[in-house]
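What follows is a set of notes on a single structure, which appears directly below.
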Amino acid sequence: MISTSRFLSRLVVCSMVWFLGACPVWAAEVIVDNTNSGFKVVSGSWSTGTASGMYGSNYRYAKTSTRGTSLVQWQPVIPTAGDYQVFVWYPAASNRPTDARFTVYYNGGSQAVAVNQTINGGRWVQLGTFNFAAGSSTNGRVTLTNLTSISNKRVAADAVRFYKPELPSLTMAVSPAGAGTTSPPAGGPYTKNLNEVVAISAAPEAGYVFSHWTVSAGSAVADPNAASTTVTMDQSKTVTAEFAEIPAVPPQLRAFWADVFHYGLQNASQIDQMISLAVQGNYNAIFAEVLAYHDNPVGSHGAYWRSNIVARSSYVTSSFDPLAYMIQKAHANGIELHCWLVAFRVSTAWPPVGNSFLTSHPEYFMVPRASIGAGPVKVGSDYVLDPGSPDAQEYLVSIVRELVTNYEIDGINWDYIRYTQTDAGYPADSSYANSGLKRFQRITGRTDVPAATGDTQWNDFRRRTIDELVRRVRAEIPSIANPRQPLRYTADLVTWGDAPSSFTSSSAYTLFSNWEYWLRMGWLDGGVPMCYDREYNSSQALYYRHWVDKCMIWRYDRHMYVGQAAYLNTMAGSVTQMAYAYNKGAEGTSNYSYYVTVDANMDGTGEHDTAWYPYVEANLFNEPAPTPSMPWRSPATAAEGTLWGRVTMGGAPVDDAVVQVGTLTAVRTDANGYYVVTLIPATASGTNYEVNAASGDSSATLTGVQVVAGDVRLADIVLGQ
């Protein structure tokens, strides 16, 4: 019988071989050779011989007989109870029986197995798998008789192997920790049958994606790159689901305009649906048109907030404030809410219904040149404020102040921040001293009425008056306490036709909207160019791309959120255009509009289809994205600051005063006496400057005026002291 030391040595050897990769699993094994004490001749005559293919130094044999008079036995010491595979070894030869009769006695019975000893010699031949009790027992042995169907053959008795494979175990793991889950769950070990095929799967947590499987030993999984696959348990192993962190989606302003002329902003139910669709499409900003007209004959006109300045829309009630509700719902879903304001357009009828203030000030309005002094007259189809009037400017600034002071908004977005036709800009009241024309005459010394076109000095002045409003609000917004600061200040920019090589050749410049200058001076945080072109029209598709390319140049150190016309394009066309803008480096896009999302028939009509929102999520906005930061608005990252203030003399504002900060280019005050100087080199701890102001023979100097990077500081100046 085999000794304990020999059994242990077999275990050590197999463990070493397993380490080297030859044994599939750690196993218990007992081999009883004919030379071991576990072998004995029970009856008859058995000779000793040698032959090629024998196990050990010799083997035993006996002549076969149809009567069966000889028997040998192999009886091992079974180390641990369990199922064992039983094998026999013999040297094969042509004079062997084809039905050598082995009998296995196991825990619960016996089984005879006939083996053809003319073949498969010199190897282990399996008789089957049987259950054995631990130790040495008559129910744990193998016998061989010389009884066969043909006499005078030589039956061989050599060695018997009792092999118990240890069941392989499966351990599941995840890398990096916490990046995902697996089935079976991470951990274990899970006991499996040898060569069992186990189904495994992996699912990523948010922010990760499944990458591949790795296996510690043995065969690999069936498909290492598939999240659901199988692994064969040829041995114990650890299977690890490898996950990759999804690269952070770059910050992008993903916006749409929501106008007041369609369903969307009128009640809580409409706003709830709008926010829900924005979330579905992974949008993160809304330009909500809270002021389209300054009167309120119908619900689409008037302020969509509880204004004390502008006539309120009829949708604003004692129990419902559309802007407040939009802010609440948007912020609860991680969406910025920007107030979209139409600047100078007031009404389509005179007087402006519900707006008693503007009704009492017809002098604030401009008219075409042909209607000078005729009272309010339409410019095109609307009654329009005079951009050059300091009173009209102050009225518009007061609206911005009210919004920023009373509502936790995320930005101000100007629309129609331009003229609509070039023959406008003339006073409704010729005697009004603060009309744009009167200011122009005082500043230039001219007494004539300039022509509507062709007068460079008059054209530049009309641009200046719109510049003044844009510049003033640039300083006003960050000077007001609001928990959402820094608020994002943007304007909708005209991009008609093809992009010119020079901005001064653009339609925007012709309509006195000098937006390239606004961005160059850092007055806007971002431009929203209205690149409303049809992708299915080859010429317009080129116009779109040309304008995007130019906007990337003309943004300078600020942002461009490219406006795209969903209402003029198929959904695929819109995605193509938006992707082009992002690929060119745009910091965002904005679709016009929330409600009219597609021109499915490509006929210019545009349709309302909420399917746009899952479509854009699936084809472009696959993951939520943060909105881009504005490094120029933070002392931690900015290298420049802003200084503003009011120049007065004798308590009155001074128009066209010259203000210079250090050696920077001088600026001129607006008719309300305000100056704004941006892009002043400064540090976070503050940089001191000398500020000089002059008007005519009067001047004043401020010393030690501190400018802080990323901040807006106030420094008023009094002349004539």
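Simple scheme: letters A, B, ... for chains in structure tokens order, numbers from 1 for residues in each chain, numbers from 1 for ligands in the order shown.
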Practice problem: Using DSSP on the backbone, list every residue of region 218-274 of chain A that comes out as strand (DSSP E), and give them as a ChimeraX atom specification. | Solution: /A:228-232,237-245,253-258
Filtering to N, CA and C atoms, could you give me those residues as a CSV table (one decimal), in the first residue's frame?
```csv
chain,number,residue,atom,x,y,z
A,228,SER,N,-21.0,40.7,-22.0
A,228,SER,CA,-21.7,39.5,-21.6
A,228,SER,C,-21.0,38.4,-22.4
A,229,THR,N,-20.4,37.4,-21.7
A,229,THR,CA,-19.7,36.3,-22.4
A,229,THR,C,-19.6,35.1,-21.4
A,230,THR,N,-18.7,34.2,-21.7
A,230,THR,CA,-18.6,33.0,-20.8
A,230,THR,C,-17.1,32.7,-20.5
A,231,VAL,N,-16.9,31.9,-19.5
A,231,VAL,CA,-15.6,31.5,-19.1
A,231,VAL,C,-15.6,30.0,-18.8
A,232,THR,N,-14.7,29.3,-19.2
A,232,THR,CA,-14.6,27.9,-19.0
A,232,THR,C,-13.7,27.6,-17.8
A,237,LYS,N,-9.6,30.4,-11.0
A,237,LYS,CA,-9.2,31.6,-11.6
A,237,LYS,C,-9.9,32.8,-11.1
A,238,THR,N,-9.3,33.9,-11.3
A,238,THR,CA,-9.9,35.2,-11.0
A,238,THR,C,-10.2,35.9,-12.3
A,239,VAL,N,-11.5,36.3,-12.5
A,239,VAL,CA,-11.9,37.0,-13.8
A,239,VAL,C,-12.2,38.4,-13.4
A,240,THR,N,-11.5,39.3,-14.0
A,240,THR,CA,-11.6,40.7,-13.7
A,240,THR,C,-12.3,41.5,-14.8
A,241,ALA,N,-13.3,42.2,-14.5
A,241,ALA,CA,-14.0,43.1,-15.4
A,241,ALA,C,-13.2,44.5,-15.4
A,242,GLU,N,-12.6,44.8,-16.5
A,242,GLU,CA,-11.8,46.1,-16.6
A,242,GLU,C,-12.7,47.2,-17.2
A,243,PHE,N,-12.8,48.3,-16.4
A,243,PHE,CA,-13.6,49.4,-16.9
A,243,PHE,C,-12.7,50.6,-17.2
A,244,ALA,N,-13.1,51.4,-18.1
A,244,ALA,CA,-12.4,52.6,-18.4
A,244,ALA,C,-13.2,53.8,-18.0
A,245,GLU,N,-12.6,54.8,-17.4
A,245,GLU,CA,-13.3,56.0,-17.1
A,245,GLU,C,-13.6,56.8,-18.3
A,253,LEU,N,-21.9,74.9,-23.7
A,253,LEU,CA,-23.2,75.5,-23.4
A,253,LEU,C,-24.1,74.9,-24.5
A,254,ARG,N,-25.0,74.0,-24.0
A,254,ARG,CA,-26.0,73.4,-24.9
A,254,ARG,C,-27.3,74.0,-24.7
A,255,ALA,N,-27.7,75.0,-25.5
A,255,ALA,CA,-28.8,75.8,-25.3
A,255,ALA,C,-29.8,75.7,-26.4
A,256,PHE,N,-31.0,76.2,-26.1
A,256,PHE,CA,-32.0,76.5,-27.1
A,256,PHE,C,-32.7,77.8,-26.7
A,257,TRP,N,-33.2,78.5,-27.7
A,257,TRP,CA,-34.1,79.7,-27.4
A,257,TRP,C,-35.5,79.2,-27.3
A,258,ALA,N,-36.2,79.7,-26.3
A,258,ALA,CA,-37.6,79.4,-26.1
A,258,ALA,C,-38.4,80.7,-26.2
```
Quiz prompt | Contacts of Ala694 (chain A) within 7 Å, only C-alpha atoms, excl. fewer than 6 positions in-chain, as number ranges by chain | solution = A: 657-659, 700
Save out the residues we just selected, C-alpha atoms, as a PDB file, in the first residue's frame.
```
ATOM      1  CA  ALA A 657     -15.882 112.996 -21.494  1.00  0.00           C
ATOM      2  CA  VAL A 658     -12.501 111.413 -22.174  1.00  0.00           C
ATOM      3  CA  VAL A 659     -11.391 108.869 -19.559  1.00  0.00           C
ATOM      4  CA  ALA A 700      -9.773 115.391 -12.759  1.00  0.00           C
TER       5      ALA A 700
END
```
Self-check item: Residues within 12 Å of Pro189 (chain A), only C-alpha atoms, excluding chain neighbours under 4 positions, as a PyMOL selection string
Solution: chain A and resi 167-173+184-185+236-239
Quiz item: Which is closest to Asp549 (chain A) among A:Thr495, A:Asn514, A:Gln235, A:Thr148, if we use only C-alpha atoms?
Solution: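 Ranked by minimum distance to Asp549 (chain A), first place goes to A:Thr495.
In terms of minimum interatomic distance to Gly108 (chain A), A:Ala133 ranks closest within A:Leu291, A:Leu493, A:Ile200, A:Ala133, counting only C-alpha atoms.
The spacing separating CA of Gly302 (chain A) from CA of Gly373 (chain A) amounts to 27.2 Å.
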Quiz item: Which neighbours of Thr570 (chain A) fall inside 12 Å, counting only C-alpha atoms, when residues of the same chain fewer than 3 positions from it are skipped, and could you give them as a PyMOL selection string?
Solution: chain A and resi 533-537+564-567+573-577+596-609+611-612+615-616
Can you write just those residues out, C-alpha atoms, as a PDB file, in the first residue's frame?
```pdb
ATOM      1  CA  ASP A 533     -28.752  78.350 -42.831  1.00  0.00           C
ATOM      2  CA  ARG A 534     -30.194  75.267 -44.496  1.00  0.00           C
ATOM      3  CA  GLU A 535     -27.870  72.287 -44.547  1.00  0.00           C
ATOM      4  CA  TYR A 536     -29.670  70.805 -47.560  1.00  0.00           C
ATOM      5  CA  ASN A 537     -28.914  73.934 -49.590  1.00  0.00           C
ATOM      6  CA  GLN A 564     -28.320  76.984 -35.330  1.00  0.00           C
ATOM      7  CA  ALA A 565     -31.723  76.955 -37.044  1.00  0.00           C
ATOM      8  CA  ALA A 566     -33.422  73.676 -36.215  1.00  0.00           C
ATOM      9  CA  TYR A 567     -36.581  75.076 -37.790  1.00  0.00           C
ATOM     10  CA  GLY A 573     -28.908  68.369 -40.821  1.00  0.00           C
ATOM     11  CA  SER A 574     -29.068  70.149 -37.477  1.00  0.00           C
ATOM     12  CA  VAL A 575     -26.755  67.621 -35.861  1.00  0.00           C
ATOM     13  CA  THR A 576     -24.328  67.929 -38.766  1.00  0.00           C
ATOM     14  CA  GLN A 577     -24.168  71.701 -38.355  1.00  0.00           C
ATOM     15  CA  VAL A 596     -40.086  74.434 -33.776  1.00  0.00           C
ATOM     16  CA  THR A 597     -37.452  71.728 -33.897  1.00  0.00           C
ATOM     17  CA  VAL A 598     -37.364  70.462 -37.472  1.00  0.00           C
ATOM     18  CA  ASP A 599     -38.124  71.242 -41.094  1.00  0.00           C
ATOM     19  CA  ALA A 600     -38.840  67.641 -42.003  1.00  0.00           C
ATOM     20  CA  ASN A 601     -40.197  68.465 -45.451  1.00  0.00           C
ATOM     21  CA  MET A 602     -37.392  70.920 -46.244  1.00  0.00           C
ATOM     22  CA  ASP A 603     -39.920  73.495 -47.351  1.00  0.00           C
ATOM     23  CA  GLY A 604     -39.193  76.260 -44.848  1.00  0.00           C
ATOM     24  CA  THR A 605     -42.339  75.725 -42.789  1.00  0.00           C
ATOM     25  CA  GLY A 606     -40.818  74.083 -39.717  1.00  0.00           C
ATOM     26  CA  GLU A 607     -42.641  71.684 -37.429  1.00  0.00           C
ATOM     27  CA  HIS A 608     -42.997  71.049 -33.734  1.00  0.00           C
ATOM     28  CA  ASP A 609     -41.599  67.577 -33.011  1.00  0.00           C
ATOM     29  CA  ALA A 611     -38.610  63.605 -31.095  1.00  0.00           C
ATOM     30  CA  TRP A 612     -35.745  66.064 -31.579  1.00  0.00           C
ATOM     31  CA  TYR A 615     -32.569  62.345 -31.322  1.00  0.00           C
ATOM     32  CA  VAL A 616     -29.978  64.926 -30.310  1.00  0.00           C
TER      33      VAL A 616
END
```
Practice problem: Find the residues near Lys378 (chain A): any atom within 10 Å, counting only C-alpha atoms, skip ones fewer than 2 places away on the same chain, and give them as a PyMOL selection string. | Solution: chain A and resi 347-350+365-368+371+375-376+380-384+424
Test item: residues at most 10 Å from Thr447 (chain A), only C-alpha atoms, excluding those fewer than 6 positions along its chain, as a PDB file with N, CA and C atoms, in the first residue's frame:
```pdb
ATOM      1  N   LEU A 437     -29.842 112.222 -32.279  1.00  0.00           N
ATOM      2  CA  LEU A 437     -29.406 113.234 -33.231  1.00  0.00           C
ATOM      3  C   LEU A 437     -28.864 114.469 -32.520  1.00  0.00           C
ATOM      4  N   LYS A 438     -29.563 114.942 -31.454  1.00  0.00           N
ATOM      5  CA  LYS A 438     -29.081 116.116 -30.723  1.00  0.00           C
ATOM      6  C   LYS A 438     -27.718 115.840 -30.102  1.00  0.00           C
ATOM      7  N   PHE A 440     -25.449 113.752 -31.219  1.00  0.00           N
ATOM      8  CA  PHE A 440     -24.503 113.745 -32.335  1.00  0.00           C
ATOM      9  C   PHE A 440     -24.106 115.171 -32.711  1.00  0.00           C
ATOM     10  N   GLN A 441     -25.091 116.048 -32.769  1.00  0.00           N
ATOM     11  CA  GLN A 441     -24.792 117.431 -33.157  1.00  0.00           C
ATOM     12  C   GLN A 441     -23.944 118.141 -32.106  1.00  0.00           C
TER      13      GLN A 441
END
```
Excluding Val142 (chain A) and any residue of its chain fewer than 5 positions from it, enumerate the residues within 7 Å of it, using only C-alpha atoms, and give them as a compact mmCIF listing (two decimals) with C-alpha atoms, in the first residue's frame.
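Writing the result to result-v6.txt gives the following:
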```txt
# COMPACT_ATOMS: atom_id res chain seq x y z
CA GLN A 73 -6.29 -6.24 -6.16
CA TRP A 74 -5.22 -2.60 -5.75
CA GLN A 75 -6.40 -1.05 -2.44
CA PHE A 102 -11.55 -4.81 -13.92
CA THR A 103 -14.05 -4.31 -11.08
CA VAL A 104 -14.24 -1.11 -9.05
CA TYR A 105 -15.59 -1.41 -5.48
```
Quiz item: Looking at only C-alpha atoms, which of A:Asp272, A:Asp448, A:Asp83, A:Asp711 is the one that sits closest to Tyr325 (chain A)?
Solution: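 Answer, going by the shortest atom-to-atom distance: A:Asp272.
Using only C-alpha atoms, the shortest contact distance between Glu476 (chain A) and any of A:Ser398, A:Thr456, A:Ser685, A:Thr490 is found at A:Ser398.
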Quiz item: Using only C-alpha atoms, which of the listed residues (A:Ser70, A:Asn116, A:Thr642, A:Thr637) sits closest to Ala92 (chain A)?
Solution: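 Comparing A:Ser70, A:Asn116, A:Thr642, A:Thr637 against Ala92 (chain A), the winner is A:Asn116.
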Quiz prompt | Test item, helix (DSSP H, G or I) assignment across region 445-597 of chain A, answer as a PyMOL selection string | solution = chain A and resi 456-479+503-505+507-510+515-520+538-554+566-568+571-583
